[in-house]
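Visitor: One structure is given below, represented as structure tokens, and several questions about it will come after.
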Amino acid sequence: MTAKKRREKDTIYLVPHTHYDAIWAFTKEDYFHINMVLILKEVVELIEKTNYKFMIEQTFLLAELEKRYPEVFAKIAKYIREGKIEIADGEYLMADTMLPEGETLIREVLEGKRYVKEKFGVDVPVMWQADSFGLNAQLPQMYKKLGYKYVAFRRGVPKRKPSEFLWEGLDGTRILAHWMPFGYRAGLDLTKLDESYDKLKDLAATTQILMPSGSGVTAPQPETSMAVTAWNEKKDVEMKIATPVEFFEALDKEIKENNIKLEVRKGEMYSGKYSEVFPSCCSSRMWIKQELSEYEGWLAYCERWSTIAYLLNNPYPSEETINCWRKILYLAFHDVAPGTGMDEGYEEVRHFRGFFNTEMTNRCNRVHTQVVEAQSETGFESDETHIQLLKMRGYGDLIAFNSLSWEVTNWIEMDLNFDRGKIVTISGLQSGDEEIDVEVLKFARYDDDSLRYARIGFVPTVPAVGYKVYKILEREPKRHPYDPNFIMERGNTIENRFFGVDVDPSTGLIDVSLDGRGETRERICSANELVLEEETGDLYYHRATLGTPLKTEKGEGVKYGSFRVENFGIAKSPLRRVINVETDYFSLRWPYRLTEKMEPLIWRHKFLECIKKIIVYRDIPRIDFVTIIVDRHPRARIRVRFSTDMKSSTYACGTQFGVVSRPTDQWHYKPKGGWVEDPCGTFPSLKWFDYSDGRKGLTVIHRGTPENEVRDGDIYLTLLRSVLMLSSDGRMGPAIPVPNAQELRRYVFRYSIYPHKGDWWAASSYKQAYEFNCRLDAMQLREETKLPLKQSFLEIEPENVLMSALKKAEDGAEVILRFYETKGEETDAKITLFREPKEVRVVNMLEEEDEEVKKELKCEGKKIELTLNPFEIVTLRMKM
């Protein structure tokens with residue numbers, strides 16, 4: 001077939017649209033005004049007068065339009081029902097897909113699609129990812145299970161041609177995908193439609209050509225209809241003013257009728273070869289990433305325990321939960337979570353801290369109390385398990401809660417208050433026959449020497465999605481003669497049964513090793529070294545002119561400055577050792593030459609203060625770090641380095657509902673052929689990443705500091721970047737100063753390492769990451785509270801099947817349980833509930849029955865058994 005004949009068969013789908021930003025270069029109110037008054041009102045008039053069509057992305061804008069301009073909203077609703085306006089994407093807000101939790105991405109769609117169905121009575125078959133900075137590897141599965149048939153996206157594709165392909169996720173799910181080769185502006189310039197067509201056709205897999213005609217906050221062009229008419233009068237190739245679903249349905253039909261075998265592309269779309277994905281935005285305004293991570297974890301915890309309380313006959317806080325989720329969904333927006341907007345746009349986000357502190361603290365206390373009251377009132381069935389639990393009922397002083405779907409042993413801290421004369425000392429805790437140590441962190445006494453207040457830390461073992469009750473011991477707890485756990489010091493070395501930690505008091509740095517003692521141990525890494533680097537970039541890109549750090553704690557870098565240890569000490573308890581280090585960075589010391597011979601005498605220009613806590617536990621195979629930085633150093637990137645002697649070309653990163661492999665040493669890679677965005681070496685991770693040589697490895701775990709790099713065997717975790725411009729050269733956005741993004745403030749960073757044998761798969765690194773991020777919680781019990789000493793409400797086995805959500809269904813009285821396989825292997829899973837369900841159904845992520853997600857379930861009493869495919873996400877709807 002000749003090129004001319006093929007061109008005559010082509011059909012061009014010109015899709016007028018505008019991309020909505022909740023915040024970016026303008027404020028939220030600015031964007032509301034532009035989109036509602038200057039864009040959507042004009043769209044309505046054009047549709048009334050011509051054959052114009054339009055696409056709208058996000059329901060957040062529509063919900064606000066309904067409140068402010070109901071007459072415009074009514075017309076838009078009419079045109080949506082008539083197919084003249086299409087909602088594609090359909091999220092509450094278009095989220096960044098690399099930084100938020102997978103569950104957050106599901107809720108963005110769930111909230112948006114429910115709104116669309118309720119207000120307009122239509123479905124949203126097309127996911128339109130116009131501007132998210134890369135796409136995670138589980139989205140094909142998520143999109144299919146969220147009711148999408150097709151996906152169009154702009155960023156991250158690793159291969160240019162063809163622009164249509166089957167995108168395959170980690171679990172093998174495939175979805176028909178279109179990559180926008182020229183972004184969402186291919187048809188924006190109506191005078192260059194011929195040029196755009198030629199370029200798009202060269203990349204297309206079929207005769208169906210998608211030509212988006214819009215951009216960010218771009219007004220409709222009244223001449224569109226005339227331009228299309230003029231095209232069709234002169235050309236043999238038909239052009240239609242269309243919506244995305246028209247293109248995809250025609251594409252799908254042609255593929256099936258002609259038996260076209262599309263190329264399959266697997267995994268995440270996170271390449272800068274043909275479009276920007278802005279990896280450095282993973283460290284812009286790091287406080288936003290930290291707060292998103294914290295709020296996601298907090299709400300997941302409250303939602304799970306609210307569901308347990310609901311099953312124990314308490315009301316479910318639906319409205320409060322939705323209100324909290326909407327704030328998190330706003331945080332997850334693709335210009336909020338990455339931190340790439342101007343300063344004023346984040347003022348509202350800053351106020352979320354007060355809201356969540358109040359709301360989540362009160363919610364946790366309320367739901368804990370509801371569970372305790374329900375359990376203390378009993379009401380157990382008379383089966384053997386509950387008879388045993390009844391025998392174990394007793395009085396307790398405190399109760400520890402675990403929200404994870406497996407039994408967890410972890411550190412927990414809590415505050416206790418006492419009446420005068422009740423307690424004199426706290427030496428341990430007891431639950432049945434179990435007695436454990438406790439560390440009193442601080443306390444206050446009455447004048448009779450009895451305790452008025454105490455903050456304690458301890459390491460309980462708490463059942464899956466359950467609790468354990470403890471009573472305070474005023475005597476030393478009994479020691480188990482065969483307990484393998486220990487913690488001890490020998491000189492500057494701290495040892496437990498998991499590893500050894502050698503401490504250098506002159507720098508505050510540690511060396512970590514596995515196996516044996518003393519010289520027989522195998523070194524894993526030198527850990528927790530601050531690296532101060534030059535930063536000349538902006539919110540989108542890290543840039544530096546130096547080929548070396550400004551300074552590291554080991555002394556590398558520019559000769560003038562240096563770190564200095566101001567204070568060092570090790571605090572001891574039966575449960576842990578806490579290494580306390582205070583370090584300052586000075587930009588100038590004297591002498592700065594011949595430093596190998598002469599000690600510094602004068603230190604000036606202190607621009608960085610650092611307080612480090614390095615925590616080695618007796619009973620936990622992690623080393624936890626709390627690093628407080630008071631930053632006064634502009635134009636700097638601060639990272640923490642873990643130096644190893646391991647060599648591998650890849651490392652593993654936690655991602656949404658799974659694990660992906662990433663290349664190491666990308667900083668050195670200089671691609672041929674000119675990439676749109678050269679590799680910089682850094683990548684995002686969700687909760688954890690792991691570097692291993694197959695024989696041994698190191699998992700780095702974090703709370704909301706996602707940017708990482710592995711270079712020359714060294715592992716880097718970025719703490720912050722200090723920049724002054726939104727886009728310093730005006731290419732990625734306006735050159736707006738962003739003084740708040742200089743990060744001249746106090747930061748608290750929490751991260752951890754898990755040294756292990758083998759790789760992440762053998763070491764179950766994800767489990768340690770979840771335990772570090774999803775902390776145990778505890779509350780003090782009222783006097784004379786009597787309830788079972790321990791209880792599990794839900795357990796999922798084996799450990800590679802992780803719970804993502806436990807919530808009340810959006811409609812109806814049922815309960816939703818979502819979980820996924822995370823090792824990449826077929827797994828027979830077993831779910832054990834605290835009561836027998838009346839009905840269990842597999843549903844999609846919209847909580848609806850769906851032929852495509854059906855699975856065989858075996859339900860016997862309180863147990864549910866099923867087989868999961870590698871990286872499969874399953875949602876159950878249970879009538880309890």
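Just remember, in the structure tokens the first chain shown is A, the second B, etc., residues are 1-based per chain, and ligands are 1-based in the order shown.
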Report the closest atom pair, with its distance in Å rounded to one decimal, for each residue of region 101-197 of chain A that has an atom no farther than 12 Å from region 286-307 of chain A; count only C-alpha atoms, sort by chain and then rising residue number, and write it as a Markdown table.
Guide:
| residue | atom | partner | partner_atom | distance |
| --- | --- | --- | --- | --- |
| A:Glu101 | CA | A:Glu296 | CA | 7.4 |
| A:Gly102 | CA | A:Glu296 | CA | 10.3 |
| A:Glu103 | CA | A:Glu296 | CA | 8.8 |
| A:Thr104 | CA | A:Glu296 | CA | 7.6 |
| A:Leu105 | CA | A:Glu296 | CA | 11.2 |
| A:Arg107 | CA | A:Glu296 | CA | 11.4 |
Visitor: Within 7 Å of region 854-867 of chain A, counting only C-alpha atoms, which residues show up once you throw out same-chain ones fewer than 5 positions away? Write them as an MDAnalysis selection string, please.
Guide: chainID A and resid 827:837 842
Visitor: Please dump the current selection as a tab-separated table (two decimals), in the first residue's frame; keep N, CA and C atoms.
Guide:
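Okay, this is what ended up in out-v6.tsv:
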chain	number	residue	atom	x	y	z
A	827	THR	N	1.01	-16.80	44.78
A	827	THR	CA	0.92	-17.04	46.22
A	827	THR	C	-0.47	-17.52	46.60
A	828	ASP	N	-0.51	-18.55	47.39
A	828	ASP	CA	-1.76	-18.99	48.01
A	828	ASP	C	-1.92	-18.23	49.32
A	829	ALA	N	-2.93	-17.38	49.36
A	829	ALA	CA	-3.12	-16.50	50.52
A	829	ALA	C	-4.26	-17.00	51.39
A	830	LYS	N	-4.13	-16.72	52.68
A	830	LYS	CA	-5.18	-17.07	53.64
A	830	LYS	C	-5.49	-15.86	54.50
A	831	ILE	N	-6.76	-15.51	54.55
A	831	ILE	CA	-7.24	-14.39	55.36
A	831	ILE	C	-8.04	-14.96	56.52
A	832	THR	N	-7.70	-14.56	57.74
A	832	THR	CA	-8.42	-15.00	58.92
A	832	THR	C	-9.09	-13.81	59.57
A	833	LEU	N	-10.42	-13.85	59.66
A	833	LEU	CA	-11.20	-12.77	60.26
A	833	LEU	C	-11.60	-13.14	61.68
A	834	PHE	N	-12.04	-12.15	62.45
A	834	PHE	CA	-12.43	-12.42	63.83
A	834	PHE	C	-13.87	-12.92	63.95
A	835	ARG	N	-14.58	-12.84	62.83
A	835	ARG	CA	-15.92	-13.44	62.81
A	835	ARG	C	-16.20	-13.94	61.39
A	836	GLU	N	-17.11	-14.86	61.27
A	836	GLU	CA	-17.41	-15.45	59.97
A	836	GLU	C	-18.19	-14.48	59.10
A	837	PRO	N	-17.72	-14.21	57.88
A	837	PRO	CA	-18.47	-13.32	56.98
A	837	PRO	C	-19.69	-14.02	56.41
A	842	VAL	N	-15.37	-10.88	45.14
A	842	VAL	CA	-14.27	-10.13	44.54
A	842	VAL	C	-14.87	-9.03	43.68
Visitor: Mind pulling up the distance from CA of Asn323 (chain A) to CA of Arg350 (chain A)?
Guide: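 These atoms are spaced 16.6 Å apart.
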Visitor: Could you check which of A:Tyr754, A:Trp675, A:Tyr184, A:Tyr669 is closest to Tyr691 (chain A), using only C-alpha atoms?
Guide: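 Closest candidate: A:Tyr754.
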Visitor: What is the CA of Phe563 (chain A)-CA of Trp603 (chain A) distance in Å, reported with one decimal?
Guide: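 Taking CA of Phe563 (chain A) as the start and CA of Trp603 (chain A) as the end point, the length is 9.9 Å.
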Visitor: May I have the residues within 9 Å of Thr545 (chain A) as a ChimeraX atom specification, using only C-alpha atoms and disregarding those fewer than 5 positions away in the same chain?
Guide: /A:534-536
Visitor: Please produce an output containing C-alpha atoms for each residue in the selection, written as a PDB file, in the first residue's frame.
Guide:
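part-v7.pdb, written as the output of this step:
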ATOM      1  CA  GLU A 534      26.245  22.849  45.473  1.00  0.00           C
ATOM      2  CA  GLU A 535      22.764  23.613  44.101  1.00  0.00           C
ATOM      3  CA  THR A 536      22.318  26.052  41.191  1.00  0.00           C
TER       4      THR A 536
END
Visitor: Applying 10 Å and only C-alpha atoms, which residues near Asp123 (chain A) remain after dropping the ones on its own chain fewer than 5 positions away? List them as a JSON list (two decimals) with all heavy atoms, in the first residue's frame.
Guide:
[["chain", "number", "residue", "atom", "x", "y", "z"],
["A", 86, "GLU", "N", -16.63, 15.63, 26.95],
["A", 86, "GLU", "CA", -16.23, 14.37, 27.56],
["A", 86, "GLU", "C", -15.38, 14.64, 28.80],
["A", 86, "GLU", "O", -14.51, 15.53, 28.77],
["A", 86, "GLU", "CB", -15.45, 13.50, 26.59],
["A", 86, "GLU", "CG", -15.01, 12.16, 27.22],
["A", 86, "GLU", "CD", -14.12, 11.34, 26.32],
["A", 86, "GLU", "OE1", -14.10, 11.59, 25.09],
["A", 86, "GLU", "OE2", -13.44, 10.44, 26.83],
["A", 87, "ILE", "N", -15.65, 13.89, 29.85],
["A", 87, "ILE", "CA", -14.73, 13.89, 30.99],
["A", 87, "ILE", "C", -13.76, 12.74, 30.77],
["A", 87, "ILE", "O", -14.15, 11.57, 30.73],
["A", 87, "ILE", "CB", -15.48, 13.72, 32.32],
["A", 87, "ILE", "CG1", -16.42, 14.91, 32.55],
["A", 87, "ILE", "CG2", -14.50, 13.59, 33.47],
["A", 87, "ILE", "CD1", -17.26, 14.81, 33.79],
["A", 88, "ALA", "N", -12.49, 13.07, 30.57],
["A", 88, "ALA", "CA", -11.43, 12.08, 30.47],
["A", 88, "ALA", "C", -10.47, 12.35, 31.62],
["A", 88, "ALA", "O", -10.31, 13.49, 32.05],
["A", 88, "ALA", "CB", -10.71, 12.16, 29.14],
["A", 90, "GLY", "N", -10.94, 12.04, 34.82],
["A", 90, "GLY", "CA", -12.03, 11.80, 35.76],
["A", 90, "GLY", "C", -11.61, 11.69, 37.20],
["A", 90, "GLY", "O", -12.42, 11.32, 38.06],
["A", 113, "LYS", "N", -14.80, 9.47, 39.90],
["A", 113, "LYS", "CA", -15.78, 8.72, 39.10],
["A", 113, "LYS", "C", -17.14, 8.64, 39.77],
["A", 113, "LYS", "O", -18.18, 8.63, 39.09],
["A", 113, "LYS", "CB", -15.24, 7.32, 38.81],
["A", 113, "LYS", "CG", -14.21, 7.28, 37.68],
["A", 113, "LYS", "CD", -14.13, 5.89, 37.08],
["A", 113, "LYS", "CE", -13.36, 5.88, 35.79],
["A", 113, "LYS", "NZ", -13.48, 4.61, 35.06],
["A", 114, "ARG", "N", -17.17, 8.56, 41.08],
["A", 114, "ARG", "CA", -18.47, 8.57, 41.78],
["A", 114, "ARG", "C", -19.19, 9.88, 41.55],
["A", 114, "ARG", "O", -20.41, 9.93, 41.38],
["A", 114, "ARG", "CB", -18.26, 8.31, 43.27],
["A", 114, "ARG", "CG", -17.98, 6.85, 43.60],
["A", 114, "ARG", "CD", -17.77, 6.65, 45.09],
["A", 114, "ARG", "NE", -18.95, 7.02, 45.86],
["A", 114, "ARG", "CZ", -20.00, 6.25, 46.05],
["A", 114, "ARG", "NH1", -20.04, 5.05, 45.51],
["A", 114, "ARG", "NH2", -21.02, 6.67, 46.77],
["A", 116, "VAL", "N", -18.83, 11.85, 38.89],
["A", 116, "VAL", "CA", -19.27, 11.88, 37.49],
["A", 116, "VAL", "C", -20.54, 11.05, 37.31],
["A", 116, "VAL", "O", -21.49, 11.46, 36.63],
["A", 116, "VAL", "CB", -18.15, 11.36, 36.57],
["A", 116, "VAL", "CG1", -18.66, 11.20, 35.13],
["A", 116, "VAL", "CG2", -16.96, 12.31, 36.60],
["A", 117, "LYS", "N", -20.56, 9.88, 37.91],
["A", 117, "LYS", "CA", -21.73, 9.01, 37.79],
["A", 117, "LYS", "C", -22.96, 9.64, 38.45],
["A", 117, "LYS", "O", -24.07, 9.61, 37.90],
["A", 117, "LYS", "CB", -21.43, 7.66, 38.44],
["A", 117, "LYS", "CG", -22.55, 6.63, 38.31],
["A", 117, "LYS", "CD", -22.76, 6.18, 36.87],
["A", 117, "LYS", "CE", -21.69, 5.23, 36.42],
["A", 117, "LYS", "NZ", -21.97, 4.65, 35.07],
["A", 147, "GLY", "N", -11.97, 0.73, 36.01],
["A", 147, "GLY", "CA", -12.98, 0.91, 34.98],
["A", 147, "GLY", "C", -12.53, 1.63, 33.73],
["A", 147, "GLY", "O", -13.35, 1.98, 32.89],
["A", 148, "TYR", "N", -11.22, 1.85, 33.57],
["A", 148, "TYR", "CA", -10.74, 2.49, 32.34],
["A", 148, "TYR", "C", -10.47, 1.43, 31.27],
["A", 148, "TYR", "O", -10.02, 0.33, 31.56],
["A", 148, "TYR", "CB", -9.44, 3.27, 32.61],
["A", 148, "TYR", "CG", -9.61, 4.46, 33.51],
["A", 148, "TYR", "CD1", -9.17, 4.41, 34.84],
["A", 148, "TYR", "CD2", -10.18, 5.63, 33.05],
["A", 148, "TYR", "CE1", -9.32, 5.50, 35.68],
["A", 148, "TYR", "CE2", -10.33, 6.74, 33.88],
["A", 148, "TYR", "CZ", -9.89, 6.66, 35.20],
["A", 148, "TYR", "OH", -10.04, 7.74, 36.02]]
Visitor: Per DSSP on the backbone, filter region 489-733 of chain A down to the residues in strand (DSSP E) and report them as a ChimeraX atom specification.
Guide: /A:489-490,493-496,499-504,509-514,522-534,551-552,562-572,576-590,602-617,623-631,636-643,650-655,658-663,683-684,688-692,696-702,707-711,714-721
Visitor: Please tabulate, as JSON lines, the residues of region 15-121 of chain A that come within 12 Å of region 149-172 of chain A, each with its closest pair of atoms and the distance in Å to one decimal, counting only C-alpha atoms and ordering rows by chain, then residue number upward.
Guide:
{"residue": "A:Ala88", "atom": "CA", "partner": "A:Val151", "partner_atom": "CA", "distance": 9.3}
{"residue": "A:Asp89", "atom": "CA", "partner": "A:Val151", "partner_atom": "CA", "distance": 8.5}
{"residue": "A:Gly90", "atom": "CA", "partner": "A:Val151", "partner_atom": "CA", "distance": 11.8}
{"residue": "A:Met94", "atom": "CA", "partner": "A:Phe153", "partner_atom": "CA", "distance": 11.9}
{"residue": "A:Asp96", "atom": "CA", "partner": "A:Arg155", "partner_atom": "CA", "distance": 11.6}
{"residue": "A:Thr97", "atom": "CA", "partner": "A:Arg155", "partner_atom": "CA", "distance": 11.4}
{"residue": "A:Met98", "atom": "CA", "partner": "A:Gly156", "partner_atom": "CA", "distance": 11.5}
Visitor: Store the residues picked out above, limited to N, CA and C atoms, as a PDB file, in the first residue's frame.
Guide:
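What ended up in result-v2.pdb:
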ATOM      1  N   ALA A  88     -12.491  13.074  30.566  1.00  0.00           N
ATOM      2  CA  ALA A  88     -11.432  12.076  30.474  1.00  0.00           C
ATOM      3  C   ALA A  88     -10.470  12.351  31.623  1.00  0.00           C
ATOM      4  N   ASP A  89      -9.834  11.333  32.117  1.00  0.00           N
ATOM      5  CA  ASP A  89      -9.091  11.337  33.387  1.00  0.00           C
ATOM      6  C   ASP A  89     -10.091  11.070  34.509  1.00  0.00           C
ATOM      7  N   GLY A  90     -10.943  12.037  34.818  1.00  0.00           N
ATOM      8  CA  GLY A  90     -12.030  11.802  35.761  1.00  0.00           C
ATOM      9  C   GLY A  90     -11.615  11.688  37.203  1.00  0.00           C
ATOM     10  N   MET A  94      -5.853  15.499  39.215  1.00  0.00           N
ATOM     11  CA  MET A  94      -4.863  14.699  38.498  1.00  0.00           C
ATOM     12  C   MET A  94      -3.614  14.558  39.365  1.00  0.00           C
ATOM     13  N   ASP A  96       0.032  13.244  40.941  1.00  0.00           N
ATOM     14  CA  ASP A  96       1.337  12.697  40.623  1.00  0.00           C
ATOM     15  C   ASP A  96       1.245  11.199  40.893  1.00  0.00           C
ATOM     16  N   THR A  97       1.798  10.368  40.020  1.00  0.00           N
ATOM     17  CA  THR A  97       1.625   8.924  40.206  1.00  0.00           C
ATOM     18  C   THR A  97       2.854   8.242  40.792  1.00  0.00           C
ATOM     19  N   MET A  98       3.928   8.988  41.066  1.00  0.00           N
ATOM     20  CA  MET A  98       5.153   8.370  41.584  1.00  0.00           C
ATOM     21  C   MET A  98       5.327   8.580  43.086  1.00  0.00           C
TER      22      MET A  98
END
Visitor: Smallest atom-to-atom distance to Val581 (chain A): which of A:Glu599, A:Asp504, A:Glu826, A:Glu71, using only C-alpha atoms?
Guide: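 The answer is A:Asp504, which sits nearest to Val581 (chain A).
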Visitor: What's around Ser431 (chain A) at 8 Å? Count only C-alpha atoms, leave out sequence neighbours fewer than 6 positions away in its own chain, and write the answer as number ranges by chain.
Guide: A: 468-471, 789
Visitor: Do a neighbour search on region 438-447 of chain A at 9 Å with only C-alpha atoms, toss out local chain neighbours closer than 5 positions, and write the hits as a ChimeraX atom specification.
Guide: /A:413,420-421,424,426-429,452-459,573-576
Visitor: With N, CA, C and O atoms retained, write the just-selected residues as a compact mmCIF listing (two decimals), in the first residue's frame.
Guide:
# COMPACT_ATOMS: atom_id res chain seq x y z
N GLU A 413 6.36 4.46 71.77
CA GLU A 413 6.45 5.39 72.90
C GLU A 413 5.05 5.90 73.23
O GLU A 413 4.22 6.08 72.34
N ARG A 420 -2.23 10.33 92.39
CA ARG A 420 -1.25 10.32 93.48
C ARG A 420 -1.27 8.97 94.21
O ARG A 420 -2.33 8.41 94.52
N GLY A 421 -0.08 8.46 94.44
CA GLY A 421 0.06 7.26 95.24
C GLY A 421 -0.16 5.94 94.53
O GLY A 421 -0.01 4.88 95.14
N VAL A 424 4.79 3.98 91.86
CA VAL A 424 6.04 4.59 92.31
C VAL A 424 7.12 4.47 91.24
O VAL A 424 7.89 5.40 91.02
N ILE A 426 8.19 2.34 87.26
CA ILE A 426 7.83 1.46 86.14
C ILE A 426 9.09 0.72 85.73
O ILE A 426 10.04 1.32 85.22
N SER A 427 9.11 -0.60 85.97
CA SER A 427 10.29 -1.41 85.66
C SER A 427 10.07 -2.35 84.49
O SER A 427 11.03 -2.87 83.92
N GLY A 428 8.81 -2.62 84.17
CA GLY A 428 8.52 -3.53 83.07
C GLY A 428 7.03 -3.56 82.80
O GLY A 428 6.24 -2.85 83.43
N LEU A 429 6.65 -4.41 81.83
CA LEU A 429 5.25 -4.59 81.47
C LEU A 429 4.94 -6.08 81.38
O LEU A 429 5.81 -6.89 81.02
N ARG A 452 3.55 11.01 88.77
CA ARG A 452 2.43 11.80 88.25
C ARG A 452 2.32 11.61 86.74
O ARG A 452 1.23 11.54 86.19
N TYR A 453 3.47 11.52 86.08
CA TYR A 453 3.52 11.40 84.63
C TYR A 453 4.77 10.62 84.24
O TYR A 453 5.81 10.71 84.91
N ALA A 454 4.65 9.84 83.16
CA ALA A 454 5.84 9.17 82.61
C ALA A 454 5.64 8.99 81.11
O ALA A 454 4.54 8.70 80.64
N ARG A 455 6.73 9.19 80.39
CA ARG A 455 6.76 8.80 78.97
C ARG A 455 7.66 7.58 78.88
O ARG A 455 8.81 7.61 79.32
N ILE A 456 7.12 6.50 78.33
CA ILE A 456 7.87 5.25 78.29
C ILE A 456 8.02 4.77 76.86
O ILE A 456 7.25 5.13 75.97
N GLY A 457 9.04 3.94 76.65
CA GLY A 457 9.23 3.24 75.39
C GLY A 457 9.37 1.76 75.66
O GLY A 457 9.94 1.35 76.67
N PHE A 458 8.84 0.94 74.76
CA PHE A 458 8.94 -0.50 74.93
C PHE A 458 8.77 -1.17 73.58
O PHE A 458 8.46 -0.51 72.57
N VAL A 459 9.00 -2.49 73.54
CA VAL A 459 8.94 -3.25 72.28
C VAL A 459 7.96 -4.40 72.45
O VAL A 459 8.35 -5.51 72.81
N SER A 573 19.99 1.72 77.62
CA SER A 573 18.87 1.13 78.33
C SER A 573 18.88 -0.36 78.01
O SER A 573 19.60 -0.79 77.10
N PRO A 574 18.09 -1.17 78.70
CA PRO A 574 18.06 -2.61 78.36
C PRO A 574 17.57 -2.88 76.94
O PRO A 574 17.86 -3.94 76.38
N LEU A 575 16.84 -1.93 76.34
CA LEU A 575 16.22 -2.17 75.05
C LEU A 575 16.99 -1.62 73.86
O LEU A 575 16.79 -2.07 72.73
N ARG A 576 17.87 -0.64 74.09
CA ARG A 576 18.51 0.00 72.95
C ARG A 576 19.70 0.84 73.38
O ARG A 576 19.89 1.11 74.58
Visitor: Neighbouring residues of Glu268 (chain A) were defined as those with any atom within 12 Å, considering only C-alpha atoms; residues of the same chain fewer than 2 positions away were excluded. Please report them as a VMD selection string.
Guide: chain A and resid 97 to 98 133 to 141 155 to 158 167 to 170 265 to 266 270 to 271 277 653 655 to 656 658 to 662 683 to 684
Visitor: I'd like the interatomic distance between CA of Thr461 (chain A) and CA of Val408 (chain A), to a tenth of an Å.
Guide: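 According to the coordinates, CA of Thr461 (chain A) and CA of Val408 (chain A) are separated by 5.5 Å.
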